[in-house]
Every structure is written in structure tokens, then in C-alpha cells.
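Engineer: I'd like to ask some things about the structure below.
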There are 2 protein chains.
Amino acid sequence: MKKKVIALKLKRIFKNHNLSNNHSKICADYLLKAELINAQSHGLVRLKMYCDRLKKGLISSKPKIKVKKISSSISHINADNSIGFVAADLGIKIAIQNAKKTGIGLVAIKKSGHYGLSSFYAEQAVKKNLLVFCFTNAPPALAPHGTKKALFGTNPICFGAPTGKAPFIFDSSASMINRGKIRRAEKLGLKIPYGVALNKKGKITTNAKEALLGTQLPIAGFKGSGLAWMVDILSGVLTGSSHGGKTKDPFDDFSGPQNVGHLFITINPKVFSGNSFLKEIKKNIKLVKKLPKAKGFSSIMYPGERKNKIYKKNINKDIFVSSKILKEINELDVVK
Amino acid sequence: MKKKVIALKLKRIFKNHNLSNNHSKICADYLLKAELINAQSHGLVRLKMYCDRLKKGLISSKPKIKVKKISSSISHINADNSIGFVAADLGIKIAIQNAKKTGIGLVAIKKSGHYGLSSFYAEQAVKKNLLVFCFTNAPPALAPHGTKKALFGTNPICFGAPTGKAPFIFDSSASMINRGKIRRAEKLGLKIPYGVALNKKGKITTNAKEALLGTQLPIAGFKGSGLAWMVDILSGVLTGSSHGGKTKDPFDDFSGPQNVGHLFITINPKVFSGNSFLKEIKKNIKLVKKLPKAKGFSSIMYPGERKNKIYKKNINKDIFVSSKILKEINELDVVK
């Protein structure tokens with residue numbers, strides 16, 4: 001399907017759900033972006049969910065977003081239950097401004113929702129030659145170490161840095177795989193990999209539905225659990241959002257707004273190293289790339305490099321949309 | 001052995017290596033602290049290494065540490081090859097001051113050395129009611145994902161937050177176990193766990209010596225490798241220190257100073273949530289602690305809680321020093 005056609009449809013759908021022209025464009029762009037980097041788990045498959053929540057008023061279509069400027073480095077945003085894309089898009093732009101002005105930016109966002117991929121926002125800061133952390137919490141998916149009930153979200157940690165070429169973007173959930181992949185597998189009737197989730201009884205399952213009702217496994221046991229807890233503190237407790245398993249699942253829980261929190265930290269490397277940061281990171285990447293390769297590897301890539309290649313390849317191609325999802329889109333795309 | 005006796009011996013040893021009275025006390029305190037939290041891998045076992053490097057002038061006993069104040073939030077320290085403890089102790093104190101003043105502190109340290117455990121410094125910020133990140137790089141130990149040669153250090157990521165009780169401190173290397181544990185196993189003739197390191201030929205080994213010559217395994221494959229790379233950028237490239245596998249091994253490489261880098265980020269939660277941060281994090285911890293426990297767990301602990309308990313138990317007891325290490329200490333403790 002032509003990208004232009006999908007973009008138009010998406011924008012129209014959001015506008016029909018009462019979002020402003022500008023907010024509709026932001027949402028359409030991010031959903032499309034997910035498809036373009038083959039992160040289908042965060043793309044069109046989620047459109048209906050966003051619309052369902054908009055219809056029920058759980059996402060505010062006309063949010064009164066308040067930005068509280070604490071200092072020239074620090075801002076606190078109350079997103080008033082806006083769709084996550086819109087709140088985070090504003091937040092990262094302020095975090096970029098702040099770091100450009102003072103060397104460091106810190107932006108906390110409360111009362112937001114699922115914002116897609118952290119890398120969407122990290123990339124924007126990196127393109128302005130900043131280092132960046134993006135943290136967000138998510139609905140219960142992981143059992144804290146030593147327990148048998150899901151409480152933490154898959155809570156990604158995302159870090160970006162400029163390289164002079166494709167952005168270095170490390171974006172990793174604290175779980176073996178991200179929840180969106182399991183959601184998509186459920187929707188499309190696919191199996192999930194072995195060893196990434198347990199069913200309700202605590203046994204390993206490859207059935208997506210069972211996994212969603214059970215718990216996902218953290219990376220490296222207590223280490224992954226600790227990372228997820230850290231992200232819950234940073235994006236939930238610190239920002240004044242939901243935390244401790246209270247973040248609502250956007251797909252299943254219509255009892256209220258999600259109240260997701262995000263935290264962005266931006267650093268201008270120029271304050272420490274003038275213009276030599278780029279020179280040094282290029283050297284760094286070169287050193288890693290020329291190491292002897294392990295079996296099965298034809299080239300060594302840094303985090304974010306492969307996604308960037310995929311994006312460049314996809315940008316000039318049509319997008320594959322499964323018949324199931326196309327049906328959803330067309331049902332939503334009713335001209336008022 | 002009485003703590004007081006060891007402390008006295010350590011201080012005397014550092015003074016005999018030309019460190020000032022104050023710097024000797026700082027070093028003795030941190031080495032002892034490692035023993036008190038049962039992190040023997042970062043304690044007395046390292047004394048001889050520090051002394052060897054001091055004797056050869058690879059650690060400067062009288063460093064001319066320069067602090068460059070970039071703004072009221074940001075400082076850049078040139079540690080002039082001081083012992084890591086001294087540089088990091090100064091750095092974290094400045095990072096604390098900065099966050100107390102402006103809400104956020106960012107301190108980069110270059111030309112430093114191995115500084116013990118990140119948690120030593122995180123704890124100080126947490127005790128002042130701040131959130132904190134501590135990053136440091138380390139000599140080659142991990143093979144980047146897709147390669148078969150060690151280049152990244154075990155590069156810990158450390159995060160701390162106040163809880164009203166024992167500090168929440170997540171301090172985790174990007175490797176399955178920290179390198180100090182392998183060093184100590186080698187020194188004391190112990191085996192290392194299965195599945196944490198490969199020998200030179202790429203086979204799993206439980207022999208510590210073989211592991212040190214081979215590569216350590218990262219947590220969760222490409223995720224651990226990405227985390228280690230992130231820490232190398234933050235503490236190496238950004239601070240203006242060694243990176244890309246150029247950090248010298250303090251035990252084996254006497255060809256020059258280590259040139260380790262550290263990065264501290266401190267955040268005052270009050271800027272976002274007034275005094276409610278503590279109330280909320282207490283709620284958060286309570287929610288996790290009351291989850292149903294998995295088999296084999298009698299209680300759920302947050303990161304840092306167990307170490308804190310160990311410290312409190314050990315603080316009133318003598319310290320066990322193996323005969324091998326006692327011999328080293330006594331050989332170094334010669335009154336000039």
C-alpha cells in the first residue's frame with residue numbers, strides 16, 4: 001500500500017476522533033515510522049486501540065497540556081491524558097532546547113499514554129547532536145525477581161548518541177522481547193519464541209494468549225528485574241505518574257486513563273569535549289567494527305544502525321498491510 | 001581481624017606511598033567498605049595492585065586535580081591520574097552540590113582510575129535525597145556482540161534512589177558476573193560459575209585464569225553488549241577519557257595510566273514532586289513486597305537492600321582476612 005495513502009487515512013482517522021490537524025499529523029507520522037523500521041508491533045496494529053480509548057474519552061482528544069518551566073534546564077509537563085505521541089513529541093523538543101541552551105535538559109512528563117518507541121524521540125535529540133536518555137513505564141508484564149506475579153512493565157531503557165552517520169540508539173526493554181511483539185503474535189495467530197514468557201501456572205509457553213495472561217521473563221533474572229524497577233522509579237514515581245503496577249493496559253483496561261510517565265535527559269557533549277566528541281565516537285565505532293567476527297556474522301553493527309538501514313530501504317517502498325489490519329483501518333476511516 | 005587495625009594499616013600503607021593524609025583516609029575507607037558489604041572482589045584483594053601502580057608512578061600520589069565549573073549544574077574534572085577513589089569522591093560531592101542547587105547535576109571525570117564500586121558514590125547522593133546515575137568504564141573484558149575479542153569493560157550501570165530506609169541501589173555490570181570476582185577466584189584458586197566466560201578458543205570455562213585470557217559473557221547477548229557500549233560512550237567518549245578498549249588493565253598493563261572516565265548524574269526529585277517522592281516510592285516498594293513469592297523466596301528485596309543488611313551485620317564484627325592477603329598487607333605495611 002502506498003505510504004501517502006496510509007498517511008492520509010491515518011491523519012483522517014485521528015481527525016475524525018477530534019484530534020487537531022497538527023496532533024493528527026504527529027500521530028500518523030509516528031505510527032507510519034514504526035512500520036518503516038519494521039517495528040510493526042508499534043505500528044498500525046495499535047491504531048484501533050488508540051481509537052477505542054479516544055472514543056471512550058480515556059485519551060483526551062483536546063488535551064490542555066501544561067508545561068511548567070522549573071529552570072532553563074528542567075521542565076515538568078502535565079499531559080492531561082493526551083495521546084502519548086503528542087506529549088512525548090512536545091517533551092523531547094523542550095528537552096532538546098534546554099540542552100542546547102544550558103548543556104543539560106531534564107523533562108518529566110506525567111499523565112501521558114503509550115508513546116510508541118522510545119527511539120522515535122531519542123533520534124530527534126541525536127539529530128541535534130545531543131546524547132539522550134528516554135525512559136517510559138508500561139502496564140504490568142514482568143514479575144519482579146522473587147515473585148510470581150507481573151507488576152513491572154517491559155519498561156525500556158533507551159540511550160542515543162550522535163556518530164556523524166546513523167544515530168547510535170540502544171533501545172531495549174527489560175524483558176526478553178517487547179510486549180508489542182506478543183500482542184501482534186496474538187492478533188495474527190503466530191507463536192512466540194521459546195523461553196520469553198510463562199503462562200499463568202508459571203510454565204514456559206509459546207502461545208501468545210497464554211503469555212499475555214501470564215508473565216514475561218526479564219533479561220538476566222534479577223538484573224532485568226532491577227532495570228525495570230529503575231525505569232518505574234524514573235518514569236513513574238519521579239514524574240508523578242502511575243507506578244508499582246498501576247499503569248493501565250491500553251488494550252485491556254478501560255477503567256481510566258493510562259497515566260503513563262516519561263523522562264527525557266539530554267546532554268550536549270560540547271560542554272565537555274568541544275567538537276571532539278564526534279571524532280572520538282567515530283574512532284570508537286571503527287575499533288569495534290574491525291574486531292574479528294564471530295561465526296555467522298558478516299559485519300558488526302552498532303545499536304540503531306540496522307534499523308536505520310531498514311528505514312532507508314523501506315522509505316521508497318510501499319508498506320505491506322495485512323488484510324486483518326487493513327479491514328480495521330477501513331472500518332475506522334469513515335468520512336464523517 | 002579488627003576493623004580499626006586494618007583501617008590503620010591501610011591508611012599507613014597509602015601514606016607510605018606518598019598520598020596525603022586525607023587521600024589515604026579516603027582510600028582506606030573505600031577498601032574497607034567493600035569488605036563490609038561482602039564485595040571482597042573490590043576490597044583488600046586490590047591493595048597490592050593500587051600500590052604497584054603508585055610505586056611505578058602510573059597512579060599519581062600527589063595529583064593536581066582540576067575542576068572546571070561549566071555551569072551551576074555541570075562540572076568537568078581532570079583527575080590528573082589520581083587514584084580513582086579520590087577523583088570519584090570529589091566528583092560525587094560536586095554532583096550532589098550541583099543538584100541541591102539547581103535540581104540537576106552532571107559531573108564528568110577524566111584521567112581517573114579504578115574507583116571500586118559505583119554504589120559507594122551512588123549511596124552518598126541517595127543519602128542526600130537525590131536520584132543518581134554512576135557510570136564508569138573498565139579494561140577490555142566483553143566481546144561486542146558479533147565479535148570474538150574482548151573490547152568493552154564490564155562497564156557497570158548504577159542507579160540509586162532514596163526510599164526513606166535503606167537506599168535503592170541497582171548496580172549491575174553488563175557482564176554475567178563482575179571481573180573482580182574472577183580476579184579473586186584466580187588469586188584464591190577457586191572455580192568460577194559455568195556459563196559466565198569463554199576461554200581463548202571460545203569455549204565455556206570455569207577456570208578463572210582461562211577466563212581472564214578469554215572473554216566474559218554479556219547479559220542477554222546483544223542487550224548486554226549494547227549496555228556496555230552505552231557506558232563506554234558515557235564514561236569514555238563523553239568525558240574525554242580512554243574508550244574503545246584502550247582503558248588499561250590495572251593488574252596486567254603497566255605501560256601507562258589507566259585513564260578511566262566516570263560520569264555522575266544527580267537529580268533532586270523535589271523539583272517535580274515536592275516532598276511526595278518518598279511517600280510514593282514507599283508505596284511502590286510495598287506493592288512489590290506483598291506480591292506472591294516464587295518458590296525458594298522467603299522475602300522480596302529491592303536492589304541494595306540485601307547489601308545494606310550485610311553492612312549493618314558486619315559493622316560490629318571483625319573482618320576475615322585470608323592468610324594470602326594478610327601476607328600482602330603486612331609486606332606493604334613497612335614503617336618507613
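Numbering starts fresh at 1 for the residues of each chain in the C-alpha cells, the chains themselves are lettered A, B, ... in the order given, and ligands are numbered from 1 as they appear.
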Using DSSP secondary structure from the backbone, list all strand (DSSP E or B) positions within region 75-322 of chain B, as a PyMOL selection string.
Structural biologist: chain B and resi 75-78+104-112+131-136+142+147+152+157-161+168-172+175+191+197-198+204+207+215-216+218+260-267+293
Engineer: Based on the backbone DSSP call, show me all residues of region 113-273 of chain B assigned alpha helix (DSSP H), as a ChimeraX atom specification.
Structural biologist: /B:118-127,179-188,208-213,222-232,270-273
Engineer: Take the residues just selected and output them with N, CA and C atoms as a compact mmCIF listing (two decimals), in the first residue's frame.
Structural biologist:
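Output below, filename selection_22.txt:
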```
# COMPACT_ATOMS: atom_id res chain seq x y z
N SER B 118 30.62 1.38 42.09
CA SER B 118 29.80 2.56 41.80
C SER B 118 28.86 2.87 42.97
N SER B 119 28.43 1.82 43.64
CA SER B 119 27.46 2.02 44.73
C SER B 119 28.03 2.88 45.86
N PHE B 120 29.36 2.90 46.02
CA PHE B 120 29.96 3.77 47.05
C PHE B 120 29.52 5.22 46.86
N TYR B 121 29.49 5.63 45.59
CA TYR B 121 29.23 7.03 45.27
C TYR B 121 27.73 7.28 45.17
N ALA B 122 27.02 6.32 44.58
CA ALA B 122 25.57 6.44 44.47
C ALA B 122 24.96 6.62 45.86
N GLU B 123 25.46 5.83 46.80
CA GLU B 123 24.92 5.87 48.16
C GLU B 123 25.01 7.27 48.77
N GLN B 124 26.11 7.96 48.50
CA GLN B 124 26.29 9.30 49.08
C GLN B 124 25.23 10.27 48.57
N ALA B 125 24.91 10.17 47.27
CA ALA B 125 23.89 11.05 46.69
C ALA B 125 22.52 10.68 47.25
N VAL B 126 22.26 9.39 47.35
CA VAL B 126 20.95 8.94 47.86
C VAL B 126 20.74 9.42 49.29
N LYS B 127 21.82 9.39 50.07
CA LYS B 127 21.70 9.84 51.47
C LYS B 127 21.38 11.33 51.56
N ARG B 179 34.19 -8.65 36.92
CA ARG B 179 35.53 -9.16 36.67
C ARG B 179 36.31 -9.38 37.97
N GLY B 180 36.00 -8.53 38.97
CA GLY B 180 36.68 -8.65 40.26
C GLY B 180 36.49 -10.04 40.86
N LYS B 181 35.31 -10.62 40.65
CA LYS B 181 35.03 -11.96 41.19
C LYS B 181 35.93 -13.00 40.52
N ILE B 182 36.20 -12.81 39.24
CA ILE B 182 37.06 -13.75 38.53
C ILE B 182 38.51 -13.56 38.98
N ARG B 183 38.92 -12.30 39.13
CA ARG B 183 40.26 -11.97 39.65
C ARG B 183 40.49 -12.64 41.00
N ARG B 184 39.48 -12.51 41.88
CA ARG B 184 39.62 -13.05 43.23
C ARG B 184 39.68 -14.57 43.19
N ALA B 185 38.85 -15.18 42.32
CA ALA B 185 38.85 -16.64 42.18
C ALA B 185 40.22 -17.11 41.71
N GLU B 186 40.82 -16.35 40.78
CA GLU B 186 42.14 -16.72 40.29
C GLU B 186 43.17 -16.65 41.42
N LYS B 187 43.09 -15.57 42.19
CA LYS B 187 44.06 -15.36 43.27
C LYS B 187 43.95 -16.44 44.34
N LEU B 188 42.72 -16.84 44.63
CA LEU B 188 42.50 -17.79 45.72
C LEU B 188 42.32 -19.22 45.22
N ALA B 208 39.38 -19.71 36.25
CA ALA B 208 39.46 -18.24 36.32
C ALA B 208 40.56 -17.68 35.42
N LYS B 209 41.71 -18.34 35.43
CA LYS B 209 42.85 -17.87 34.65
C LYS B 209 42.50 -17.88 33.16
N GLU B 210 41.89 -18.98 32.72
CA GLU B 210 41.48 -19.09 31.32
C GLU B 210 40.46 -18.01 30.95
N ALA B 211 39.56 -17.74 31.89
CA ALA B 211 38.52 -16.74 31.64
C ALA B 211 39.13 -15.35 31.46
N LEU B 212 40.15 -15.05 32.28
CA LEU B 212 40.78 -13.73 32.19
C LEU B 212 41.50 -13.56 30.85
N LEU B 213 41.98 -14.65 30.30
CA LEU B 213 42.64 -14.58 28.99
C LEU B 213 41.63 -14.63 27.84
N PHE B 222 23.00 -9.39 22.77
CA PHE B 222 23.19 -8.05 22.21
C PHE B 222 22.73 -6.94 23.16
N LYS B 223 21.82 -7.27 24.09
CA LYS B 223 21.37 -6.24 25.03
C LYS B 223 22.49 -5.86 26.01
N GLY B 224 23.17 -6.86 26.56
CA GLY B 224 24.29 -6.57 27.46
C GLY B 224 25.42 -5.88 26.72
N SER B 225 25.66 -6.30 25.50
CA SER B 225 26.70 -5.69 24.69
C SER B 225 26.36 -4.21 24.42
N GLY B 226 25.09 -3.94 24.14
CA GLY B 226 24.64 -2.56 23.91
C GLY B 226 24.78 -1.70 25.16
N LEU B 227 24.44 -2.27 26.31
CA LEU B 227 24.58 -1.54 27.57
C LEU B 227 26.04 -1.18 27.83
N ALA B 228 26.93 -2.16 27.59
CA ALA B 228 28.37 -1.91 27.81
C ALA B 228 28.87 -0.81 26.86
N TRP B 229 28.36 -0.82 25.64
CA TRP B 229 28.76 0.19 24.65
C TRP B 229 28.27 1.57 25.09
N MET B 230 27.03 1.63 25.55
CA MET B 230 26.46 2.88 26.07
C MET B 230 27.35 3.45 27.19
N VAL B 231 27.75 2.60 28.12
CA VAL B 231 28.57 3.06 29.25
C VAL B 231 29.95 3.51 28.76
N ASP B 232 30.48 2.86 27.73
CA ASP B 232 31.77 3.27 27.18
C ASP B 232 31.67 4.67 26.56
N LYS B 270 12.69 16.65 44.33
CA LYS B 270 11.82 17.73 44.83
C LYS B 270 11.35 18.67 43.73
N VAL B 271 12.17 18.83 42.68
CA VAL B 271 11.78 19.78 41.62
C VAL B 271 10.48 19.36 40.94
N PHE B 272 10.21 18.06 40.93
CA PHE B 272 8.99 17.58 40.26
C PHE B 272 7.85 17.30 41.24
N SER B 273 8.21 16.75 42.39
CA SER B 273 7.13 16.23 43.21
C SER B 273 7.16 16.72 44.65
```
Engineer: Distance limit 8 Å, atoms considered: only C-alpha atoms. Which chain A residues sit that close to chain B? Return them as a compact mmCIF listing (two decimals) with N, CA and C atoms, in the first residue's frame.
Structural biologist:
```
# COMPACT_ATOMS: atom_id res chain seq x y z
N ILE A 70 10.77 24.79 35.20
CA ILE A 70 11.36 24.84 36.53
C ILE A 70 12.67 25.61 36.52
N SER A 71 13.44 25.44 35.46
CA SER A 71 14.66 26.23 35.25
C SER A 71 14.94 26.18 33.76
N ILE A 74 15.29 22.43 33.24
CA ILE A 74 14.30 21.46 33.72
C ILE A 74 12.87 21.90 33.44
N HIS A 76 8.58 20.37 33.60
CA HIS A 76 7.65 19.33 34.04
C HIS A 76 6.36 19.51 33.25
N THR A 102 21.68 25.10 27.89
CA THR A 102 22.43 25.01 29.15
C THR A 102 23.40 23.83 29.22
N GLY A 103 23.37 22.94 28.23
CA GLY A 103 24.25 21.77 28.28
C GLY A 103 23.52 20.53 28.75
N ILE A 104 22.46 20.72 29.55
CA ILE A 104 21.70 19.56 30.02
C ILE A 104 20.21 19.88 30.06
N LEU A 106 16.33 18.22 31.28
CA LEU A 106 15.63 17.18 32.04
C LEU A 106 14.15 17.49 31.94
N ALA A 108 10.31 15.86 32.62
CA ALA A 108 9.45 14.81 33.17
C ALA A 108 8.04 15.04 32.64
N PRO A 144 8.48 -9.05 39.29
CA PRO A 144 9.73 -8.67 39.96
C PRO A 144 10.47 -9.92 40.45
N HIS A 145 11.78 -9.89 40.46
CA HIS A 145 12.60 -11.04 40.87
C HIS A 145 12.16 -11.57 42.23
N GLY A 146 11.87 -12.84 42.27
CA GLY A 146 11.47 -13.47 43.53
C GLY A 146 9.96 -13.56 43.71
N THR A 147 9.20 -12.96 42.76
CA THR A 147 7.74 -13.02 42.86
C THR A 147 7.18 -13.80 41.67
N LYS A 148 5.90 -14.10 41.72
CA LYS A 148 5.32 -14.81 40.57
C LYS A 148 4.13 -14.08 39.96
N LYS A 149 4.11 -12.77 40.15
CA LYS A 149 3.02 -12.01 39.53
C LYS A 149 3.58 -10.81 38.77
N LEU A 151 4.16 -7.23 37.52
CA LEU A 151 3.91 -5.91 38.10
C LEU A 151 4.63 -4.82 37.30
N PHE A 159 18.96 4.83 24.99
CA PHE A 159 20.06 5.79 25.01
C PHE A 159 20.49 6.09 23.59
N PHE A 170 20.47 2.72 21.39
CA PHE A 170 20.25 1.48 22.12
C PHE A 170 18.86 1.60 22.76
N SER A 172 16.19 -0.89 24.50
CA SER A 172 15.97 -2.28 24.90
C SER A 172 15.00 -2.37 26.07
N MET A 176 12.74 -10.17 27.76
CA MET A 176 13.41 -10.90 26.69
C MET A 176 12.94 -10.39 25.32
N ILE A 219 15.29 -9.98 31.22
CA ILE A 219 16.63 -10.40 30.82
C ILE A 219 17.44 -10.63 32.08
N ALA A 220 18.26 -11.68 32.06
CA ALA A 220 19.25 -11.91 33.12
C ALA A 220 18.67 -11.86 34.53
N LYS A 223 18.86 -8.91 37.26
CA LYS A 223 19.38 -7.70 36.60
C LYS A 223 18.28 -7.03 35.78
N GLY A 226 15.76 -5.53 38.08
CA GLY A 226 16.26 -4.28 38.66
C GLY A 226 16.18 -3.13 37.66
N LEU A 227 16.50 -3.40 36.40
CA LEU A 227 16.41 -2.36 35.36
C LEU A 227 14.95 -1.89 35.23
N MET A 230 14.08 0.30 38.15
CA MET A 230 14.71 1.61 37.97
C MET A 230 13.86 2.49 37.04
N ILE A 233 10.74 3.76 38.66
CA ILE A 233 11.00 4.89 39.57
C ILE A 233 11.20 6.17 38.77
N VAL A 237 7.43 7.09 39.47
CA VAL A 237 7.49 7.76 40.78
C VAL A 237 7.97 9.21 40.64
N LEU A 238 9.08 9.40 39.92
CA LEU A 238 9.69 10.73 39.83
C LEU A 238 8.80 11.74 39.11
N THR A 239 8.12 11.31 38.04
CA THR A 239 7.34 12.26 37.24
C THR A 239 5.98 12.57 37.85
N GLY A 240 5.56 11.74 38.82
CA GLY A 240 4.23 11.93 39.41
C GLY A 240 3.16 11.17 38.63
N HIS A 243 2.63 4.05 38.90
CA HIS A 243 3.81 3.19 39.09
C HIS A 243 3.38 1.99 39.93
N GLY A 244 4.31 1.08 40.17
CA GLY A 244 4.00 -0.07 41.02
C GLY A 244 2.85 -0.91 40.49
N PRO A 269 27.23 17.19 24.32
CA PRO A 269 28.62 16.75 24.55
C PRO A 269 29.63 17.88 24.39
N VAL A 271 29.84 20.60 25.87
CA VAL A 271 30.26 21.24 27.12
C VAL A 271 31.53 20.60 27.67
N PHE A 272 31.75 19.31 27.36
CA PHE A 272 32.94 18.64 27.88
C PHE A 272 34.07 18.57 26.86
N SER A 273 33.70 18.34 25.61
CA SER A 273 34.76 17.99 24.67
C SER A 273 34.75 18.83 23.41
N PHE A 277 33.89 15.26 20.35
CA PHE A 277 33.05 14.09 20.63
C PHE A 277 32.84 13.24 19.38
N GLU A 280 35.91 11.31 18.32
CA GLU A 280 36.22 10.18 19.21
C GLU A 280 35.23 9.03 19.04
N ILE A 281 33.95 9.36 18.87
CA ILE A 281 32.99 8.25 18.75
C ILE A 281 33.17 7.54 17.41
N LYS A 283 36.06 7.03 16.05
CA LYS A 283 37.20 6.17 16.35
C LYS A 283 36.72 4.92 17.10
N ASN A 284 35.85 5.17 18.09
CA ASN A 284 35.30 4.09 18.93
C ASN A 284 34.60 3.04 18.08
N ILE A 285 33.73 3.51 17.20
CA ILE A 285 32.95 2.58 16.37
C ILE A 285 33.86 1.82 15.41
N LEU A 287 36.97 0.99 15.89
CA LEU A 287 37.70 -0.04 16.65
C LEU A 287 36.85 -1.29 16.85
N VAL A 288 35.57 -1.09 17.14
CA VAL A 288 34.69 -2.25 17.36
C VAL A 288 34.45 -2.98 16.04
N LEU A 291 37.04 -5.60 14.77
CA LEU A 291 37.36 -6.78 15.58
C LEU A 291 37.08 -8.05 14.77
N PRO A 292 37.78 -9.14 15.09
CA PRO A 292 37.48 -10.40 14.39
C PRO A 292 36.03 -10.82 14.64
N LYS A 293 35.36 -11.25 13.58
CA LYS A 293 33.92 -11.55 13.69
C LYS A 293 33.67 -12.96 14.21
N ALA A 294 32.61 -13.10 14.98
CA ALA A 294 32.18 -14.42 15.44
C ALA A 294 31.50 -15.14 14.28
N LYS A 295 31.41 -16.47 14.42
CA LYS A 295 30.74 -17.30 13.40
C LYS A 295 29.35 -16.76 13.10
N PHE A 297 28.52 -13.99 11.58
CA PHE A 297 28.40 -12.53 11.43
C PHE A 297 29.25 -12.06 10.26
N SER A 299 29.11 -8.70 9.33
CA SER A 299 29.53 -7.34 9.67
C SER A 299 29.09 -7.04 11.10
N ILE A 300 29.75 -6.10 11.72
CA ILE A 300 29.42 -5.71 13.10
C ILE A 300 28.65 -4.39 13.03
N TYR A 302 26.49 -1.24 15.13
CA TYR A 302 26.21 -0.66 16.45
C TYR A 302 24.69 -0.53 16.62
N PRO A 303 24.22 -0.40 17.87
CA PRO A 303 22.78 -0.31 18.10
C PRO A 303 22.16 0.84 17.28
```
Engineer: Kindly give the distance, in Å, that separates CA of Thr136 (chain B) and CA of Leu117 (chain B), rounded to a single decimal.
Structural biologist: 9.6 Å
Engineer: Find the residues around Lys327 (chain B) up to 12 Å (only C-alpha atoms counted), leave out those fewer than 4 positions away in its own chain, and share them as a list in words.
Structural biologist: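 These residues fall inside the cut-off: Leu44, Val45, Leu47, Lys48, Val321, Ser322, Ser323, Glu331, Leu332, Asp333 and Val334 of chain B.
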Engineer: Excluding Phe320 (chain A) and its own-chain neighbours fewer than 3 positions away, which residues fall within 12 Å of it when counting only C-alpha atoms? Please give them as a ChimeraX atom specification.
Structural biologist: /A:1-3,6,32,35-36,38,40,43-44,314,317,323-326
Engineer: Point out the residue among B:His42, B:Lys15, B:Leu130, B:Thr163 with the least atom-to-atom distance to Lys101 (chain B), counting only C-alpha atoms.
Structural biologist: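 Going through B:His42, B:Lys15, B:Leu130, B:Thr163 one by one, the smallest distance to Lys101 (chain B) is for B:Leu130.
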Engineer: Got a sec: who's within 8 Å of region 20-22 of chain A, counting only C-alpha atoms, leaving out chain neighbours fewer than 5 positions off, as a CSV table (one decimal) with N, CA and C atoms, in the first residue's frame?
Structural biologist:
```
chain,number,residue,atom,x,y,z
A,11,LYS,N,-4.2,10.1,9.3
A,11,LYS,CA,-4.5,11.5,9.7
A,11,LYS,C,-6.0,11.8,9.7
A,15,LYS,N,-8.2,12.8,13.0
A,15,LYS,CA,-9.1,14.0,12.9
A,15,LYS,C,-10.5,13.7,13.2
A,61,SER,N,-8.8,14.0,23.4
A,61,SER,CA,-8.6,14.4,22.0
A,61,SER,C,-8.1,15.9,22.0
A,62,LYS,N,-8.6,16.6,23.0
A,62,LYS,CA,-8.2,18.0,23.0
A,62,LYS,C,-7.6,18.3,24.4
```
